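This is data-v9.tsv (TSV, C-alpha atoms and all ligand atoms).
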```
chain	number	residue	atom	x	y	z
A	46	MET	CA	-90.35	-10.20	4.50
A	47	LYS	CA	-88.19	-12.95	3.06
A	48	SER	CA	-86.38	-12.26	-0.19
A	49	ILE	CA	-88.05	-13.27	-3.45
A	50	LEU	CA	-84.75	-15.01	-4.24
A	51	ILE	CA	-85.12	-17.54	-1.40
A	52	GLY	CA	-86.00	-20.99	-2.76
A	53	ARG	CA	-85.70	-19.78	-6.37
A	54	PRO	CA	-82.19	-20.75	-7.46
A	55	GLN	CA	-82.69	-19.78	-11.12
A	56	LEU	CA	-83.96	-16.30	-10.29
A	57	GLU	CA	-81.21	-15.93	-7.70
A	58	LYS	CA	-78.60	-16.92	-10.30
A	59	GLU	CA	-79.96	-14.28	-12.70
A	60	VAL	CA	-79.92	-11.54	-10.06
A	61	ASN	CA	-76.41	-12.57	-8.99
A	62	LYS	CA	-75.34	-12.18	-12.61
A	63	ILE	CA	-76.74	-8.63	-12.58
A	64	ALA	CA	-74.79	-7.91	-9.38
A	65	GLU	CA	-71.62	-9.37	-10.91
A	66	VAL	CA	-71.95	-7.17	-14.00
A	67	ALA	CA	-72.70	-4.09	-11.86
A	68	GLY	CA	-69.38	-4.77	-10.11
A	69	TYR	CA	-67.55	-4.95	-13.44
A	70	LEU	CA	-69.09	-1.65	-14.58
A	71	TRP	CA	-67.85	0.02	-11.38
A	72	GLN	CA	-64.39	-1.61	-11.50
A	73	ASN	CA	-63.95	-0.52	-15.11
A	74	GLY	CA	-64.64	3.10	-14.17
A	75	TRP	CA	-67.76	3.07	-16.34
A	76	ALA	CA	-70.25	3.75	-13.51
A	77	GLU	CA	-69.40	6.88	-11.55
A	78	ARG	CA	-71.92	7.92	-8.88
A	79	ASN	CA	-75.35	6.57	-9.91
A	80	GLY	CA	-74.41	6.35	-13.61
A	81	GLY	CA	-75.79	3.56	-15.76
A	82	ASN	CA	-78.81	1.31	-15.78
A	83	ILE	CA	-79.65	-2.38	-15.98
A	84	THR	CA	-83.09	-3.80	-16.73
A	85	VAL	CA	-83.68	-7.54	-17.15
A	86	ASN	CA	-86.84	-9.38	-18.20
A	87	ILE	CA	-87.19	-12.14	-15.57
A	88	THR	CA	-90.67	-13.33	-16.56
A	89	GLU	CA	-89.38	-16.86	-17.36
A	90	PHE	CA	-88.40	-17.32	-13.68
A	91	VAL	CA	-91.77	-16.24	-12.28
A	92	ASP	CA	-93.99	-18.85	-10.58
A	93	ASP	CA	-97.62	-18.74	-9.35
A	94	GLU	CA	-96.56	-17.63	-5.88
A	95	ILE	CA	-94.80	-14.59	-7.38
A	96	ARG	CA	-97.81	-13.89	-9.60
A	97	ASN	CA	-99.94	-13.76	-6.45
A	98	MET	CA	-97.56	-11.59	-4.41
A	99	ALA	CA	-99.14	-8.43	-3.03
A	100	PRO	CA	-97.61	-5.20	-4.33
A	101	ILE	CA	-95.37	-3.22	-1.97
A	102	SER	CA	-95.84	0.08	-3.81
A	103	ASP	CA	-98.65	2.21	-5.22
A	104	VAL	CA	-99.54	1.74	-8.84
A	105	LYS	CA	-97.00	3.74	-10.88
A	106	GLN	CA	-97.43	4.94	-14.44
A	107	ILE	CA	-94.77	3.89	-16.96
A	108	GLY	CA	-95.50	6.91	-19.17
A	109	VAL	CA	-96.07	4.78	-22.26
A	110	THR	CA	-98.43	1.91	-23.07
A	111	LEU	CA	-96.60	-1.27	-24.09
A	112	PRO	CA	-99.07	-4.10	-24.87
A	113	ALA	CA	-96.22	-6.57	-25.52
A	114	LEU	CA	-95.30	-6.41	-21.82
A	115	LYS	CA	-98.60	-7.80	-20.51
A	116	GLY	CA	-97.82	-10.21	-17.67
A	117	CYS	CA	-94.10	-9.42	-17.67
A	118	TYR	CA	-91.79	-9.00	-14.69
A	119	PHE	CA	-88.51	-7.08	-14.63
A	120	TYR	CA	-85.56	-6.57	-12.35
A	121	CYS	CA	-84.67	-2.85	-12.54
A	122	LYS	CA	-81.82	-0.89	-11.01
A	123	GLY	CA	-83.19	1.68	-8.57
A	124	THR	CA	-83.26	5.38	-9.36
A	125	GLY	CA	-80.29	7.21	-7.85
A	126	LYS	CA	-78.67	3.91	-6.80
A	127	ARG	CA	-75.01	3.16	-7.37
A	128	MET	CA	-73.69	0.21	-9.38
A	129	ARG	CA	-71.00	-0.37	-6.75
A	130	ASP	CA	-73.72	-0.81	-4.10
A	131	LEU	CA	-75.90	-2.94	-6.38
A	132	ALA	CA	-72.90	-5.25	-6.86
A	133	ARG	CA	-73.01	-6.16	-3.17
A	134	ARG	CA	-76.72	-5.77	-2.41
A	135	PRO	CA	-78.80	-6.18	-5.59
A	136	MET	CA	-82.17	-6.35	-3.82
A	137	GLU	CA	-81.55	-3.14	-1.85
A	138	ASN	CA	-80.45	-1.18	-4.92
A	139	GLY	CA	-82.95	-2.53	-7.39
A	140	SER	CA	-86.37	-4.14	-7.34
A	141	VAL	CA	-88.70	-6.56	-9.11
A	142	ILE	CA	-91.68	-4.96	-10.84
A	143	ARG	CA	-94.89	-6.42	-12.30
A	144	ILE	CA	-96.41	-4.82	-15.40
A	145	LEU	CA	-100.15	-4.46	-14.80
A	146	ASP	CA	-102.84	-5.54	-17.25
A	147	ASP	CA	-103.34	-2.03	-18.68
A	148	CYS	CA	-99.71	-2.31	-19.92
A	149	ALA	CA	-99.27	1.33	-18.92
A	150	SER	CA	-98.54	0.94	-15.21
A	151	TYR	CA	-96.62	-1.25	-12.81
A	152	VAL	CA	-96.17	-2.13	-9.14
A	153	ILE	CA	-93.06	-3.09	-7.20
A	154	ILE	CA	-93.41	-6.56	-5.68
A	155	ALA	CA	-89.99	-7.33	-4.10
A	156	ASP	CA	-87.84	-7.09	-2.05
A	157	ASN	CA	-87.97	-3.40	-1.13
A	158	ALA	CA	-89.98	-0.50	-2.54
A	159	VAL	CA	-86.97	0.81	-4.51
A	160	MET	CA	-88.23	3.07	-7.30
A	161	PRO	CA	-86.88	1.91	-10.68
A	162	THR	CA	-84.51	3.99	-12.81
A	163	SER	CA	-85.87	7.20	-14.33
A	164	GLU	CA	-84.90	5.61	-17.66
A	165	LEU	CA	-87.54	2.89	-17.14
A	166	PRO	CA	-89.82	4.01	-20.03
A	167	SER	CA	-87.02	3.80	-22.61
A	168	HIS	CA	-85.68	0.50	-21.24
A	169	LEU	CA	-89.17	-1.04	-21.22
A	170	THR	CA	-89.84	0.26	-24.73
A	171	VAL	CA	-86.76	-1.64	-25.93
A	172	HIS	CA	-87.93	-4.78	-24.09
A	173	ALA	CA	-91.38	-4.48	-25.70
A	174	HIS	CA	-89.79	-4.29	-29.15
A	175	LEU	CA	-87.62	-7.33	-28.37
A	176	ILE	CA	-90.72	-9.35	-27.43
A	177	GLU	CA	-92.65	-8.13	-30.49
A	178	SER	CA	-89.81	-9.15	-32.79
A	179	GLY	CA	-89.58	-12.62	-31.24
A	180	SER	CA	-86.09	-11.93	-29.88
A	181	ALA	CA	-84.60	-14.16	-27.16
A	182	TYR	CA	-82.82	-11.09	-25.69
A	183	LYS	CA	-83.70	-10.40	-22.06
A	184	ALA	CA	-81.31	-7.69	-20.85
A	185	THR	CA	-80.56	-4.01	-21.47
A	186	VAL	CA	-77.51	-2.20	-20.08
A	187	HIS	CA	-76.56	1.49	-20.19
A	188	THR	CA	-73.08	2.52	-19.01
A	189	HIS	CA	-70.29	5.09	-19.59
A	190	PRO	CA	-67.19	3.28	-21.00
A	191	ILE	CA	-64.35	5.83	-20.91
A	192	GLU	CA	-62.54	5.01	-24.16
A	193	LEU	CA	-65.68	4.59	-26.28
A	194	VAL	CA	-67.09	7.89	-24.99
A	195	ALA	CA	-63.73	9.57	-25.67
A	196	MET	CA	-63.84	8.32	-29.27
A	197	SER	CA	-67.38	9.73	-29.65
A	198	HIS	CA	-65.94	13.25	-29.20
A	199	ASN	CA	-64.32	13.08	-32.64
A	200	ARG	CA	-66.81	13.82	-35.40
A	201	ASP	CA	-64.71	11.83	-37.90
A	202	PHE	CA	-65.65	8.66	-36.01
A	203	LEU	CA	-69.41	9.23	-35.99
A	204	GLY	CA	-70.22	8.29	-39.58
A	205	LYS	CA	-72.05	5.02	-40.17
A	206	ASP	CA	-69.81	2.05	-39.30
A	207	VAL	CA	-66.62	4.13	-39.14
A	208	LEU	CA	-66.09	3.05	-35.52
A	209	THR	CA	-67.39	-0.45	-36.25
A	210	ASN	CA	-64.63	-1.00	-38.81
A	211	ILE	CA	-61.87	0.62	-36.74
A	212	LEU	CA	-62.80	-1.39	-33.62
A	213	TRP	CA	-63.32	-4.68	-35.50
A	214	SER	CA	-59.88	-4.28	-37.09
A	215	MET	CA	-58.01	-3.89	-33.79
A	216	ILE	CA	-58.30	-7.54	-32.67
A	217	PRO	CA	-60.11	-10.47	-34.33
A	218	GLU	CA	-62.25	-11.31	-31.29
A	219	THR	CA	-64.10	-8.00	-31.41
A	220	LYS	CA	-65.55	-8.84	-34.82
A	221	ALA	CA	-66.37	-12.37	-33.64
A	222	PHE	CA	-68.02	-11.38	-30.36
A	223	CYS	CA	-69.67	-8.10	-31.37
A	224	PRO	CA	-70.67	-9.29	-34.83
A	225	LEU	CA	-73.17	-6.51	-35.60
A	226	GLY	CA	-70.72	-3.72	-34.75
A	227	LEU	CA	-71.40	-0.42	-33.00
A	228	GLY	CA	-74.31	1.87	-33.89
A	229	VAL	CA	-74.08	5.60	-33.25
A	230	VAL	CA	-76.75	7.95	-31.89
A	231	PRO	CA	-75.98	11.70	-32.23
A	232	TYR	CA	-76.08	13.71	-29.01
A	233	GLU	CA	-79.52	14.04	-27.42
A	234	LEU	CA	-80.61	15.14	-23.96
A	235	PRO	CA	-80.34	12.24	-21.46
A	236	GLY	CA	-83.75	10.78	-20.66
A	237	SER	CA	-85.42	12.51	-23.64
A	238	ASN	CA	-87.86	10.87	-26.03
A	239	MET	CA	-85.55	11.89	-28.89
A	240	LEU	CA	-82.75	9.82	-27.37
A	241	ALA	CA	-85.07	6.86	-26.73
A	242	ASP	CA	-86.47	6.92	-30.28
A	243	ALA	CA	-83.06	7.23	-31.94
A	244	THR	CA	-81.73	4.38	-29.77
A	245	LEU	CA	-84.66	2.13	-30.59
A	246	LYS	CA	-84.13	2.71	-34.31
A	247	GLU	CA	-80.38	2.01	-34.11
A	248	LEU	CA	-80.96	-1.17	-32.07
A	249	GLU	CA	-82.75	-2.65	-35.08
A	250	ASP	CA	-79.32	-3.06	-36.69
A	251	TYR	CA	-76.93	-3.23	-33.73
A	252	ASP	CA	-76.71	-4.86	-30.29
A	253	VAL	CA	-74.63	-1.97	-28.93
A	254	VAL	CA	-75.14	1.71	-29.71
A	255	LEU	CA	-72.87	4.60	-28.76
A	256	TRP	CA	-74.53	7.74	-27.45
A	257	GLU	CA	-72.35	10.67	-28.58
A	258	LYS	CA	-70.49	12.26	-25.63
A	259	HIS	CA	-72.42	10.10	-23.12
A	260	GLY	CA	-72.16	6.30	-23.12
A	261	VAL	CA	-73.44	3.09	-24.63
A	262	PHE	CA	-76.76	1.24	-24.61
A	263	ALA	CA	-76.62	-2.51	-25.20
A	264	LYS	CA	-79.05	-5.39	-25.45
A	265	GLY	CA	-78.17	-9.04	-24.97
A	266	LEU	CA	-79.45	-12.54	-24.32
A	267	ASP	CA	-78.68	-11.86	-20.65
A	268	VAL	CA	-76.85	-9.16	-18.73
A	269	MET	CA	-73.49	-10.94	-19.14
A	270	ASP	CA	-73.93	-11.11	-22.93
A	271	ALA	CA	-74.74	-7.38	-23.11
A	272	PHE	CA	-71.70	-6.61	-20.92
A	273	ASP	CA	-69.38	-8.84	-22.98
A	274	GLN	CA	-70.23	-7.00	-26.18
A	275	ILE	CA	-69.48	-3.61	-24.59
A	276	ASP	CA	-66.30	-5.08	-23.09
A	277	VAL	CA	-64.85	-6.35	-26.40
A	278	LEU	CA	-65.58	-3.00	-28.09
A	279	SER	CA	-63.95	-1.21	-25.18
A	280	LYS	CA	-60.89	-3.47	-25.46
A	281	SER	CA	-60.50	-2.49	-29.11
A	282	ALA	CA	-60.91	1.20	-28.25
A	283	LYS	CA	-58.11	0.84	-25.66
A	284	ILE	CA	-55.80	-0.77	-28.26
A	285	TYR	CA	-56.56	2.03	-30.73
A	286	ILE	CA	-55.93	4.75	-28.14
A	287	ASN	CA	-52.74	3.06	-26.86
A	288	SER	CA	-51.39	2.93	-30.41
A	289	ARG	CA	-52.18	6.62	-30.93
A	290	CYS	CA	-50.50	7.39	-27.57
A	291	MET	CA	-47.35	5.64	-28.83
A	292	GLY	CA	-47.43	8.07	-31.72
A	293	TYR	CA	-48.83	6.11	-34.64
A	294	GLU	CA	-52.11	5.25	-36.33
A	295	PRO	CA	-52.61	1.51	-35.78
A	296	GLU	CA	-52.54	-0.45	-39.04
A	297	GLY	CA	-55.60	-2.55	-38.24
A	298	MET	CA	-56.44	-5.91	-39.77
A	299	SER	CA	-56.80	-5.71	-43.56
A	300	LYS	CA	-60.13	-5.98	-45.38
A	301	GLU	CA	-59.05	-9.47	-46.51
A	302	GLN	CA	-58.28	-10.54	-42.92
A	303	MET	CA	-61.67	-9.26	-41.78
A	304	ALA	CA	-63.43	-11.05	-44.63
A	305	GLU	CA	-61.57	-14.22	-43.68
A	306	MET	CA	-62.92	-13.87	-40.12
A	307	THR	CA	-66.48	-13.44	-41.42
A	308	LYS	CA	-66.18	-16.67	-43.40
A	309	ALA	CA	-64.33	-18.73	-40.78
A	310	PHE	CA	-66.71	-17.78	-37.96
A	311	ASN	CA	-69.84	-17.61	-40.10
A	312	LEU	CA	-70.48	-14.01	-39.03
A	313	PRO	CA	-73.47	-11.96	-40.24
A	314	ARG	CA	-71.33	-9.12	-41.68
B	1	ZN	ZN	-75.81	7.77	-18.76
```

Would you put the structure from the file into structure tokens?
Amino acid sequence: MKSILIGRPQLEKEVNKIAEVAGYLWQNGWAERNGGNITVNITEFVDDEIRNMAPISDVKQIGVTLPALKGCYFYCKGTGKRMRDLARRPMENGSVIRILDDCASYVIIADNAVMPTSELPSHLTVHAHLIESGSAYKATVHTHPIELVAMSHNRDFLGKDVLTNILWSMIPETKAFCPLGLGVVPYELPGSNMLADATLKELEDYDVVLWEKHGVFAKGLDVMDAFDQIDVLSKSAKIYINSRCMGYEPEGMSKEQMAEMTKAFNLPR
């Protein structure tokens, strides 16, 4: 079977972006073994031929009913697959799924019958909320950034916007390019409904949320946008930790300097 990407340059570009980001996650040390997930809504790149493609899997239950996803298509990282492999072979380590009309089940349509991530229900729930709220965001990314996870082990950092303000104050760009800051979700069992619900709630106010002692979950216009926001936060965390390693508490930009940034760049906060 020929790849769904053949003759579809826009879809191919989007999948290549996913592969590129998967490579960055691995190179950064954020994606050990099969760690992390990427799910991207690719419905805008779907044509009639794709809509008529025969499924290559049985009908699978999502586990939740999400009416907002009627007629949607997603690229999903495969369960148990490694980001470092996805970076080189995205269509062997992930697949394209079609949400069926009951909005509670899906089929895989291309290129291989790679079962999506076990985190599919929570990722799709976020996508459904994005659609319902009229958001232009199309991508969700979960990964394990070392410095941000390390900072989540200190309870003093877990209060509302404590980390947001520390990380924003390390370098002006972090405030400019992650303008909503970093939400925090207290520790919950990976894959649990509790974790999914708490994440969904926190994503109402933030594009990136930190899962205590685990990782981050980000949403973005596309996969690169979601990655960039995690990357700038991670850069700030590295600067903070490097300063502490040199034996001092970094001064951070002042409140006035941060307010100046908000005004100059017309930032929401
Ligand atoms: Zn994880």

With only C-alpha atoms and all ligand atoms counted and 10 Å as the cut-off, give the residues of chain A in contact with ligand ZN 1 (chain B), each with its shortest interatomic distance in Å and the pair that gives it, as a Markdown table.
```
| residue | atom | partner | partner_atom | distance |
| --- | --- | --- | --- | --- |
| A:Trp75 | CA | B:ZN1 | ZN | 9.6 |
| A:Ala76 | CA | B:ZN1 | ZN | 8.6 |
| A:Glu77 | CA | B:ZN1 | ZN | 9.7 |
| A:Asn79 | CA | B:ZN1 | ZN | 8.9 |
| A:Gly80 | CA | B:ZN1 | ZN | 5.5 |
| A:Gly81 | CA | B:ZN1 | ZN | 5.2 |
| A:Asn82 | CA | B:ZN1 | ZN | 7.7 |
| A:Glu164 | CA | B:ZN1 | ZN | 9.4 |
| A:His187 | CA | B:ZN1 | ZN | 6.5 |
| A:Thr188 | CA | B:ZN1 | ZN | 5.9 |
| A:His189 | CA | B:ZN1 | ZN | 6.2 |
| A:Pro190 | CA | B:ZN1 | ZN | 10.0 |
| A:Pro235 | CA | B:ZN1 | ZN | 6.9 |
| A:Gly236 | CA | B:ZN1 | ZN | 8.7 |
| A:Trp256 | CA | B:ZN1 | ZN | 8.8 |
| A:Lys258 | CA | B:ZN1 | ZN | 9.8 |
| A:His259 | CA | B:ZN1 | ZN | 6.0 |
| A:Gly260 | CA | B:ZN1 | ZN | 5.9 |
| A:Val261 | CA | B:ZN1 | ZN | 7.9 |
| A:Phe262 | CA | B:ZN1 | ZN | 8.8 |
```

Please list as an NGL selection string every residue within 9 Å of Phe272 (chain A), counting only C-alpha atoms and excluding residues in the same chain fewer than 6 positions away.
:A and (66 or 69-70 or 186 or 263-265)

I'd like the interatomic distance between CA of Val85 (chain A) and CA of Asp267 (chain A), to a tenth of an Å.
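It comes out at 7.5 Å.
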
How far is it from CA of Ile154 (chain A) to CA of Leu245 (chain A), in Å with one decimal?
27.8 Å

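Among the candidate residues A:Tyr251, A:Ser167, A:Met215, A:Met136, the one lying nearest to Met239 (chain A) is A:Ser167, with distances computed using all atoms listed in the file.
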